[in-house]
Amino acid sequence: MCPATPNECDLYPDVHDALPALRRAGFRLVVVTNQPEVARGIQTRAGVEAIHAWLRGQVPLDEIRVCYHDDGECGCRKPQPGMLLADAAIDLARSFMIGDRWRDIEAGRRAGCTTVLVDRGYLDAPPCDPDVTVSSLGEAAAWILARAGATREHAP
């Protein structure tokens, strides 16, 4: 169940090290999130935005992109790649999509990103294989940094 307020939010401990390490390596940190609970009347936009404000206060994010639709035909709702394709300045072929659900992995694959699945033990297995499966965001960051090497150190 998704949190309804910032008071219900908690971050995995390795997030505070993993995201700054990626930022120092030159990566833009963009969150893409489906929030169909708004369309379903379970959550409000203000509630989602309050959670995102809290999140921005916790970790160094460049942007949060949200799909509020509950429509399978929507081009921005993951697994569709619309939120990833929204910024022409991002080189998706050199980007990594980290996610813990199959929709994240499929959106990244459709956008041309390298995909990293953080396996949280969810039962909804991806219909396609990620490029790598890890057990934590810290492990994902370490894999990305090792794979990206010096090629990303001076990237915008």
# chains A, B, ... in the order shown; residues from 1 in each chain; ligands from 1

$ residues_around --residues "range 32-35 of chain A" --least-positions-apart "6" --cutoff "9 Å" --atoms "only C-alpha atoms" --output "CSV table (one decimal) with N, CA and C atoms, in the first residue's frame"
chain,number,residue,atom,x,y,z
A,43,GLN,N,-6.4,8.9,-3.2
A,43,GLN,CA,-5.3,9.9,-2.8
A,43,GLN,C,-5.6,11.2,-3.5
A,45,ARG,N,-3.9,14.9,-5.3
A,45,ARG,CA,-2.7,15.4,-5.9
A,45,ARG,C,-1.9,16.1,-4.8
A,48,VAL,N,0.0,13.6,-2.8
A,48,VAL,CA,1.2,13.1,-3.6
A,48,VAL,C,2.3,14.2,-3.6
A,63,GLU,N,14.3,15.8,-10.5
A,63,GLU,CA,13.0,16.0,-11.0
A,63,GLU,C,12.1,14.8,-10.5
A,64,ILE,N,10.8,15.0,-10.4
A,64,ILE,CA,9.9,13.9,-10.2
A,64,ILE,C,8.8,14.1,-11.2
A,65,ARG,N,8.6,13.1,-12.0
A,65,ARG,CA,7.5,13.1,-13.0
A,65,ARG,C,6.4,12.1,-12.6
A,66,VAL,N,5.2,12.5,-12.7
A,66,VAL,CA,4.1,11.8,-12.2
A,66,VAL,C,3.0,11.5,-13.3
A,67,CYS,N,2.5,10.3,-13.3
A,67,CYS,CA,1.3,10.0,-14.1
A,67,CYS,C,0.2,9.8,-13.1
A,68,TYR,N,-0.8,10.6,-13.2
A,68,TYR,CA,-1.9,10.5,-12.3
A,68,TYR,C,-3.1,9.7,-12.9
A,69,HIS,N,-2.9,9.2,-14.1
A,69,HIS,CA,-4.0,8.5,-14.8
A,69,HIS,C,-4.2,7.0,-14.3
A,70,ASP,N,-5.3,6.5,-14.5
A,70,ASP,CA,-5.6,5.1,-14.3
A,70,ASP,C,-6.2,4.5,-15.5
A,76,CYS,N,1.9,8.0,-20.8
A,76,CYS,CA,2.9,8.3,-19.7
A,76,CYS,C,2.9,7.3,-18.6
A,77,ARG,N,1.8,6.5,-18.5
A,77,ARG,CA,1.8,5.5,-17.4
A,77,ARG,C,2.7,4.3,-17.7
A,78,LYS,N,3.6,4.1,-16.8
A,78,LYS,CA,4.4,2.9,-16.9
A,78,LYS,C,3.5,1.6,-17.0
A,83,MET,N,6.9,9.1,-19.7
A,83,MET,CA,7.6,10.0,-18.7
A,83,MET,C,9.1,10.0,-19.0
A,84,LEU,N,9.7,8.9,-19.4
A,84,LEU,CA,11.1,8.8,-19.7
A,84,LEU,C,11.5,9.6,-21.0
A,104,ASP,N,8.3,-0.7,-14.3
A,104,ASP,CA,9.5,0.1,-14.3
A,104,ASP,C,10.5,-0.4,-15.3

$ closest_atom_pairs --of "range 6-101 of chain A" --to "range 113-117 of chain A" --cutoff "10 Å" --atoms "only C-alpha atoms" --output "Markdown table"
| residue | atom | partner | partner_atom | distance |
| --- | --- | --- | --- | --- |
| A:Leu84 | CA | A:Cys113 | CA | 9.2 |
| A:Asp91 | CA | A:Cys113 | CA | 8.8 |
| A:Leu92 | CA | A:Cys113 | CA | 5.3 |
| A:Ala93 | CA | A:Cys113 | CA | 5.3 |
| A:Arg94 | CA | A:Cys113 | CA | 6.8 |
| A:Ser95 | CA | A:Cys113 | CA | 5.2 |
| A:Phe96 | CA | A:Thr114 | CA | 4.7 |
| A:Met97 | CA | A:Thr115 | CA | 4.9 |
| A:Ile98 | CA | A:Val116 | CA | 4.7 |
| A:Gly99 | CA | A:Leu117 | CA | 5.2 |
| A:Asp100 | CA | A:Leu117 | CA | 5.5 |
| A:Arg101 | CA | A:Leu117 | CA | 7.3 |

$ write_last_selection --atoms "N, CA and C atoms" --output "mmCIF file, in the first residue's frame"
data_model
loop_
_atom_site.group_PDB
_atom_site.id
_atom_site.type_symbol
_atom_site.label_atom_id
_atom_site.label_comp_id
_atom_site.auth_asym_id
_atom_site.auth_seq_id
_atom_site.Cartn_x
_atom_site.Cartn_y
_atom_site.Cartn_z
ATOM 1 N N LEU A 84 9.665 8.895 -19.448
ATOM 2 C CA LEU A 84 11.099 8.836 -19.719
ATOM 3 C C LEU A 84 11.454 9.583 -21.002
ATOM 4 N N ASP A 91 20.038 11.504 -22.556
ATOM 5 C CA ASP A 91 20.475 10.472 -23.482
ATOM 6 C C ASP A 91 20.043 9.128 -22.907
ATOM 7 N N LEU A 92 18.903 8.637 -23.348
ATOM 8 C CA LEU A 92 18.340 7.416 -22.782
ATOM 9 C C LEU A 92 19.202 6.191 -23.032
ATOM 10 N N ALA A 93 19.940 6.179 -24.120
ATOM 11 C CA ALA A 93 20.816 5.045 -24.399
ATOM 12 C C ALA A 93 21.953 4.951 -23.391
ATOM 13 N N ARG A 94 22.264 6.059 -22.721
ATOM 14 C CA ARG A 94 23.306 6.074 -21.689
ATOM 15 C C ARG A 94 22.700 6.155 -20.291
ATOM 16 N N SER A 95 21.392 5.962 -20.203
ATOM 17 C CA SER A 95 20.685 6.091 -18.931
ATOM 18 C C SER A 95 20.326 4.728 -18.356
ATOM 19 N N PHE A 96 20.032 4.746 -17.063
ATOM 20 C CA PHE A 96 19.657 3.537 -16.342
ATOM 21 C C PHE A 96 18.296 3.759 -15.705
ATOM 22 N N MET A 97 17.421 2.793 -15.858
ATOM 23 C CA MET A 97 16.121 2.815 -15.204
ATOM 24 C C MET A 97 16.171 1.798 -14.081
ATOM 25 N N ILE A 98 16.067 2.303 -12.851
ATOM 26 C CA ILE A 98 16.054 1.438 -11.674
ATOM 27 C C ILE A 98 14.616 1.344 -11.205
ATOM 28 N N GLY A 99 14.134 0.146 -10.950
ATOM 29 C CA GLY A 99 12.776 -0.011 -10.460
ATOM 30 C C GLY A 99 12.599 -1.300 -9.696
ATOM 31 N N ASP A 100 11.492 -1.371 -8.983
ATOM 32 C CA ASP A 100 11.214 -2.585 -8.212
ATOM 33 C C ASP A 100 9.968 -3.311 -8.695
ATOM 34 N N ARG A 101 9.441 -2.898 -9.821
ATOM 35 C CA ARG A 101 8.257 -3.540 -10.417
ATOM 36 C C ARG A 101 8.511 -3.782 -11.906
#

$ residues_around --residues "Pro79 in chain A" --least-positions-apart "3" --cutoff "8 Å" --atoms "only C-alpha atoms" --output "number ranges by chain"
A: 102-107

$ write_last_selection --atoms "C-alpha atoms" --output "PDB file, in the first residue's frame"
ATOM      1  CA  TRP A 102       7.974  -5.040 -13.891  1.00  0.00           C
ATOM      2  CA  ARG A 103       6.312  -1.849 -15.151  1.00  0.00           C
ATOM      3  CA  ASP A 104       9.468   0.107 -14.317  1.00  0.00           C
ATOM      4  CA  ILE A 105      11.672  -2.357 -16.169  1.00  0.00           C
ATOM      5  CA  GLU A 106       9.405  -2.468 -19.208  1.00  0.00           C
ATOM      6  CA  ALA A 107       9.189   1.354 -19.374  1.00  0.00           C
TER       7      ALA A 107
END

$ select_by_dssp --residues "chain A" --states "alpha helix (DSSP H)" --output "number ranges by chain"
A: 15-24, 45-58, 82-85, 102-111, 137-148

$ write_last_selection --atoms "C-alpha atoms" --output "mmCIF file, in the first residue's frame"
data_model
loop_
_atom_site.group_PDB
_atom_site.id
_atom_site.type_symbol
_atom_site.label_atom_id
_atom_site.label_comp_id
_atom_site.auth_asym_id
_atom_site.auth_seq_id
_atom_site.Cartn_x
_atom_site.Cartn_y
_atom_site.Cartn_z
ATOM 1 C CA VAL A 15 19.264 5.453 -0.325
ATOM 2 C CA HIS A 16 21.167 8.235 1.474
ATOM 3 C CA ASP A 17 24.497 6.927 0.155
ATOM 4 C CA ALA A 18 23.433 5.540 -3.223
ATOM 5 C CA LEU A 19 21.762 8.619 -4.702
ATOM 6 C CA PRO A 20 24.520 11.121 -3.808
ATOM 7 C CA ALA A 21 27.095 8.685 -5.272
ATOM 8 C CA LEU A 22 25.182 8.593 -8.555
ATOM 9 C CA ARG A 23 24.838 12.385 -8.516
ATOM 10 C CA ARG A 24 28.605 12.839 -7.962
ATOM 11 C CA ARG A 45 -2.669 15.443 -5.869
ATOM 12 C CA ALA A 46 -1.871 17.580 -2.846
ATOM 13 C CA GLY A 47 -1.105 14.431 -0.857
ATOM 14 C CA VAL A 48 1.193 13.095 -3.580
ATOM 15 C CA GLU A 49 2.912 16.477 -3.907
ATOM 16 C CA ALA A 50 3.440 16.639 -0.116
ATOM 17 C CA ILE A 51 5.123 13.236 -0.230
ATOM 18 C CA HIS A 52 7.285 14.370 -3.123
ATOM 19 C CA ALA A 53 8.263 17.553 -1.252
ATOM 20 C CA TRP A 54 9.292 15.383 1.702
ATOM 21 C CA LEU A 55 11.274 13.110 -0.630
ATOM 22 C CA ARG A 56 13.091 16.084 -2.191
ATOM 23 C CA GLY A 57 14.077 17.149 1.312
ATOM 24 C CA GLN A 58 15.581 13.731 2.003
ATOM 25 C CA GLY A 82 6.217 8.560 -21.979
ATOM 26 C CA MET A 83 7.609 9.974 -18.734
ATOM 27 C CA LEU A 84 11.099 8.836 -19.719
ATOM 28 C CA LEU A 85 10.798 10.245 -23.232
ATOM 29 C CA TRP A 102 7.974 -5.040 -13.891
ATOM 30 C CA ARG A 103 6.312 -1.849 -15.151
ATOM 31 C CA ASP A 104 9.468 0.107 -14.317
ATOM 32 C CA ILE A 105 11.672 -2.357 -16.169
ATOM 33 C CA GLU A 106 9.405 -2.468 -19.208
ATOM 34 C CA ALA A 107 9.189 1.354 -19.374
ATOM 35 C CA GLY A 108 12.974 1.559 -19.235
ATOM 36 C CA ARG A 109 13.375 -1.087 -21.902
ATOM 37 C CA ARG A 110 10.876 0.652 -24.208
ATOM 38 C CA ALA A 111 12.742 3.938 -23.730
ATOM 39 C CA LEU A 137 19.423 0.501 -4.301
ATOM 40 C CA GLY A 138 22.968 0.554 -2.946
ATOM 41 C CA GLU A 139 23.790 -2.546 -4.968
ATOM 42 C CA ALA A 140 22.123 -0.973 -8.027
ATOM 43 C CA ALA A 141 24.208 2.188 -7.653
ATOM 44 C CA ALA A 142 27.430 0.199 -7.266
ATOM 45 C CA TRP A 143 26.622 -1.836 -10.397
ATOM 46 C CA ILE A 144 25.797 1.289 -12.395
ATOM 47 C CA LEU A 145 28.933 3.106 -11.255
ATOM 48 C CA ALA A 146 31.105 0.107 -12.120
ATOM 49 C CA ARG A 147 29.440 -0.310 -15.499
ATOM 50 C CA ALA A 148 29.399 3.379 -16.389
#

$ select_by_dssp --residues "range 7-116 of chain A" --states "strand (DSSP E or B)" --output "list in words"
Val30, Val31, Val32, Thr33, Asn34, Glu63, Ile64, Arg65, Val66, Cys67, Phe96, Met97, Ile98, Gly99, Thr114, Thr115 and Val116 of chain A

$ write_last_selection --atoms "N, CA and C atoms" --output "compact mmCIF listing (two decimals), in the first residue's frame"
# COMPACT_ATOMS: atom_id res chain seq x y z
N VAL A 30 16.08 11.32 -11.69
CA VAL A 30 14.70 11.61 -12.05
C VAL A 30 13.81 10.45 -11.59
N VAL A 31 12.82 10.77 -10.81
CA VAL A 31 11.84 9.77 -10.37
C VAL A 31 10.67 9.81 -11.34
N VAL A 32 10.23 8.65 -11.79
CA VAL A 32 9.01 8.54 -12.59
C VAL A 32 8.08 7.61 -11.85
N THR A 33 6.87 8.09 -11.58
CA THR A 33 5.98 7.33 -10.71
C THR A 33 4.54 7.35 -11.21
N ASN A 34 3.91 6.19 -11.19
CA ASN A 34 2.48 6.09 -11.45
C ASN A 34 1.75 6.36 -10.13
N GLU A 63 14.32 15.81 -10.47
CA GLU A 63 12.95 15.96 -10.96
C GLU A 63 12.12 14.76 -10.53
N ILE A 64 10.82 15.00 -10.37
CA ILE A 64 9.86 13.92 -10.15
C ILE A 64 8.77 14.09 -11.20
N ARG A 65 8.56 13.07 -11.99
CA ARG A 65 7.52 13.07 -13.02
C ARG A 65 6.43 12.10 -12.59
N VAL A 66 5.19 12.55 -12.70
CA VAL A 66 4.07 11.77 -12.18
C VAL A 66 3.02 11.53 -13.26
N CYS A 67 2.54 10.31 -13.33
CA CYS A 67 1.35 9.99 -14.12
C CYS A 67 0.22 9.75 -13.13
N PHE A 96 20.03 4.75 -17.06
CA PHE A 96 19.66 3.54 -16.34
C PHE A 96 18.30 3.76 -15.70
N MET A 97 17.42 2.79 -15.86
CA MET A 97 16.12 2.81 -15.20
C MET A 97 16.17 1.80 -14.08
N ILE A 98 16.07 2.30 -12.85
CA ILE A 98 16.05 1.44 -11.67
C ILE A 98 14.62 1.34 -11.21
N GLY A 99 14.13 0.15 -10.95
CA GLY A 99 12.78 -0.01 -10.46
C GLY A 99 12.60 -1.30 -9.70
N THR A 114 19.24 1.07 -19.99
CA THR A 114 19.69 -0.14 -19.32
C THR A 114 18.81 -0.27 -18.08
N THR A 115 18.32 -1.47 -17.80
CA THR A 115 17.35 -1.64 -16.72
C THR A 115 17.93 -2.41 -15.54
N VAL A 116 17.57 -1.93 -14.34
CA VAL A 116 18.05 -2.53 -13.10
C VAL A 116 16.84 -2.81 -12.21

$ atom_distance --atom1 "CA of Ala4 in chain A" --atom2 "CA of Gly75 in chain A"
25.2 Å

$ atom_distance --atom1 "CA of Ala25 in chain A" --atom2 "CA of Ala88 in chain A"
20.5 Å

$ decode --residues "range 14-124 of chain A" --atoms "C-alpha atoms" --output "PDB file, in the first residue's frame"
ATOM      1  CA  ASP A  14      21.163   2.752   1.585  1.00  0.00           C
ATOM      2  CA  VAL A  15      19.264   5.453  -0.325  1.00  0.00           C
ATOM      3  CA  HIS A  16      21.167   8.235   1.474  1.00  0.00           C
ATOM      4  CA  ASP A  17      24.497   6.927   0.155  1.00  0.00           C
ATOM      5  CA  ALA A  18      23.433   5.540  -3.223  1.00  0.00           C
ATOM      6  CA  LEU A  19      21.762   8.619  -4.702  1.00  0.00           C
ATOM      7  CA  PRO A  20      24.520  11.121  -3.808  1.00  0.00           C
ATOM      8  CA  ALA A  21      27.095   8.685  -5.272  1.00  0.00           C
ATOM      9  CA  LEU A  22      25.182   8.593  -8.555  1.00  0.00           C
ATOM     10  CA  ARG A  23      24.838  12.385  -8.516  1.00  0.00           C
ATOM     11  CA  ARG A  24      28.605  12.839  -7.962  1.00  0.00           C
ATOM     12  CA  ALA A  25      29.198  10.602 -10.986  1.00  0.00           C
ATOM     13  CA  GLY A  26      27.201  13.001 -13.140  1.00  0.00           C
ATOM     14  CA  PHE A  27      23.860  11.257 -13.282  1.00  0.00           C
ATOM     15  CA  ARG A  28      20.609  13.206 -13.253  1.00  0.00           C
ATOM     16  CA  LEU A  29      18.239  11.686 -10.721  1.00  0.00           C
ATOM     17  CA  VAL A  30      14.696  11.612 -12.054  1.00  0.00           C
ATOM     18  CA  VAL A  31      11.841   9.770 -10.369  1.00  0.00           C
ATOM     19  CA  VAL A  32       9.013   8.543 -12.595  1.00  0.00           C
ATOM     20  CA  THR A  33       5.980   7.328 -10.715  1.00  0.00           C
ATOM     21  CA  ASN A  34       2.479   6.088 -11.449  1.00  0.00           C
ATOM     22  CA  GLN A  35      -0.077   7.481  -9.003  1.00  0.00           C
ATOM     23  CA  PRO A  36      -3.414   6.046 -10.188  1.00  0.00           C
ATOM     24  CA  GLU A  37      -4.786   6.372  -6.647  1.00  0.00           C
ATOM     25  CA  VAL A  38      -5.506  10.031  -7.482  1.00  0.00           C
ATOM     26  CA  ALA A  39      -7.752   9.085 -10.415  1.00  0.00           C
ATOM     27  CA  ARG A  40      -9.384   6.433  -8.231  1.00  0.00           C
ATOM     28  CA  GLY A  41     -10.169   8.985  -5.511  1.00  0.00           C
ATOM     29  CA  ILE A  42      -8.018   7.207  -2.913  1.00  0.00           C
ATOM     30  CA  GLN A  43      -5.332   9.906  -2.790  1.00  0.00           C
ATOM     31  CA  THR A  44      -5.182  13.599  -3.717  1.00  0.00           C
ATOM     32  CA  ARG A  45      -2.669  15.443  -5.869  1.00  0.00           C
ATOM     33  CA  ALA A  46      -1.871  17.580  -2.846  1.00  0.00           C
ATOM     34  CA  GLY A  47      -1.105  14.431  -0.857  1.00  0.00           C
ATOM     35  CA  VAL A  48       1.193  13.095  -3.580  1.00  0.00           C
ATOM     36  CA  GLU A  49       2.912  16.477  -3.907  1.00  0.00           C
ATOM     37  CA  ALA A  50       3.440  16.639  -0.116  1.00  0.00           C
ATOM     38  CA  ILE A  51       5.123  13.236  -0.230  1.00  0.00           C
ATOM     39  CA  HIS A  52       7.285  14.370  -3.123  1.00  0.00           C
ATOM     40  CA  ALA A  53       8.263  17.553  -1.252  1.00  0.00           C
ATOM     41  CA  TRP A  54       9.292  15.383   1.702  1.00  0.00           C
ATOM     42  CA  LEU A  55      11.274  13.110  -0.630  1.00  0.00           C
ATOM     43  CA  ARG A  56      13.091  16.084  -2.191  1.00  0.00           C
ATOM     44  CA  GLY A  57      14.077  17.149   1.312  1.00  0.00           C
ATOM     45  CA  GLN A  58      15.581  13.731   2.003  1.00  0.00           C
ATOM     46  CA  VAL A  59      17.544  12.961  -1.169  1.00  0.00           C
ATOM     47  CA  PRO A  60      19.098  14.904  -4.073  1.00  0.00           C
ATOM     48  CA  LEU A  61      16.546  14.607  -6.872  1.00  0.00           C
ATOM     49  CA  ASP A  62      16.556  16.605 -10.075  1.00  0.00           C
ATOM     50  CA  GLU A  63      12.951  15.959 -10.960  1.00  0.00           C
ATOM     51  CA  ILE A  64       9.859  13.923 -10.151  1.00  0.00           C
ATOM     52  CA  ARG A  65       7.522  13.067 -13.019  1.00  0.00           C
ATOM     53  CA  VAL A  66       4.066  11.773 -12.181  1.00  0.00           C
ATOM     54  CA  CYS A  67       1.350   9.995 -14.122  1.00  0.00           C
ATOM     55  CA  TYR A  68      -1.943  10.477 -12.289  1.00  0.00           C
ATOM     56  CA  HIS A  69      -3.966   8.478 -14.826  1.00  0.00           C
ATOM     57  CA  ASP A  70      -5.630   5.141 -14.261  1.00  0.00           C
ATOM     58  CA  ASP A  71      -5.964   4.484 -17.961  1.00  0.00           C
ATOM     59  CA  GLY A  72      -4.125   1.639 -19.649  1.00  0.00           C
ATOM     60  CA  GLU A  73      -4.063   3.661 -22.859  1.00  0.00           C
ATOM     61  CA  CYS A  74      -2.151   6.577 -21.317  1.00  0.00           C
ATOM     62  CA  GLY A  75       1.254   7.120 -22.926  1.00  0.00           C
ATOM     63  CA  CYS A  76       2.887   8.307 -19.720  1.00  0.00           C
ATOM     64  CA  ARG A  77       1.769   5.532 -17.388  1.00  0.00           C
ATOM     65  CA  LYS A  78       4.432   2.885 -16.925  1.00  0.00           C
ATOM     66  CA  PRO A  79       5.011   0.472 -18.601  1.00  0.00           C
ATOM     67  CA  GLN A  80       4.629   3.065 -21.365  1.00  0.00           C
ATOM     68  CA  PRO A  81       7.831   5.117 -21.718  1.00  0.00           C
ATOM     69  CA  GLY A  82       6.217   8.560 -21.979  1.00  0.00           C
ATOM     70  CA  MET A  83       7.609   9.974 -18.734  1.00  0.00           C
ATOM     71  CA  LEU A  84      11.099   8.836 -19.719  1.00  0.00           C
ATOM     72  CA  LEU A  85      10.798  10.245 -23.232  1.00  0.00           C
ATOM     73  CA  ALA A  86       9.591  13.632 -21.980  1.00  0.00           C
ATOM     74  CA  ASP A  87      13.062  15.222 -21.780  1.00  0.00           C
ATOM     75  CA  ALA A  88      15.017  15.320 -25.040  1.00  0.00           C
ATOM     76  CA  ALA A  89      18.118  16.439 -23.099  1.00  0.00           C
ATOM     77  CA  ILE A  90      18.468  13.009 -21.481  1.00  0.00           C
ATOM     78  CA  ASP A  91      20.475  10.472 -23.482  1.00  0.00           C
ATOM     79  CA  LEU A  92      18.340   7.416 -22.782  1.00  0.00           C
ATOM     80  CA  ALA A  93      20.816   5.045 -24.399  1.00  0.00           C
ATOM     81  CA  ARG A  94      23.306   6.074 -21.689  1.00  0.00           C
ATOM     82  CA  SER A  95      20.685   6.091 -18.931  1.00  0.00           C
ATOM     83  CA  PHE A  96      19.657   3.537 -16.342  1.00  0.00           C
ATOM     84  CA  MET A  97      16.121   2.815 -15.204  1.00  0.00           C
ATOM     85  CA  ILE A  98      16.054   1.438 -11.674  1.00  0.00           C
ATOM     86  CA  GLY A  99      12.776  -0.011 -10.460  1.00  0.00           C
ATOM     87  CA  ASP A 100      11.214  -2.585  -8.212  1.00  0.00           C
ATOM     88  CA  ARG A 101       8.257  -3.540 -10.417  1.00  0.00           C
ATOM     89  CA  TRP A 102       7.974  -5.040 -13.891  1.00  0.00           C
ATOM     90  CA  ARG A 103       6.312  -1.849 -15.151  1.00  0.00           C
ATOM     91  CA  ASP A 104       9.468   0.107 -14.317  1.00  0.00           C
ATOM     92  CA  ILE A 105      11.672  -2.357 -16.169  1.00  0.00           C
ATOM     93  CA  GLU A 106       9.405  -2.468 -19.208  1.00  0.00           C
ATOM     94  CA  ALA A 107       9.189   1.354 -19.374  1.00  0.00           C
ATOM     95  CA  GLY A 108      12.974   1.559 -19.235  1.00  0.00           C
ATOM     96  CA  ARG A 109      13.375  -1.087 -21.902  1.00  0.00           C
ATOM     97  CA  ARG A 110      10.876   0.652 -24.208  1.00  0.00           C
ATOM     98  CA  ALA A 111      12.742   3.938 -23.730  1.00  0.00           C
ATOM     99  CA  GLY A 112      16.091   2.344 -24.569  1.00  0.00           C
ATOM    100  CA  CYS A 113      17.608   2.464 -21.074  1.00  0.00           C
ATOM    101  CA  THR A 114      19.686  -0.144 -19.316  1.00  0.00           C
ATOM    102  CA  THR A 115      17.348  -1.638 -16.717  1.00  0.00           C
ATOM    103  CA  VAL A 116      18.053  -2.531 -13.097  1.00  0.00           C
ATOM    104  CA  LEU A 117      15.494  -4.450 -11.070  1.00  0.00           C
ATOM    105  CA  VAL A 118      15.686  -4.067  -7.298  1.00  0.00           C
ATOM    106  CA  ASP A 119      14.109  -7.344  -6.250  1.00  0.00           C
ATOM    107  CA  ARG A 120      11.826  -6.680  -3.291  1.00  0.00           C
ATOM    108  CA  GLY A 121      10.217 -10.108  -3.548  1.00  0.00           C
ATOM    109  CA  TYR A 122       7.013  -8.895  -5.184  1.00  0.00           C
ATOM    110  CA  LEU A 123       4.967 -11.597  -6.863  1.00  0.00           C
ATOM    111  CA  ASP A 124       4.426  -9.676 -10.112  1.00  0.00           C
TER     112      ASP A 124
END
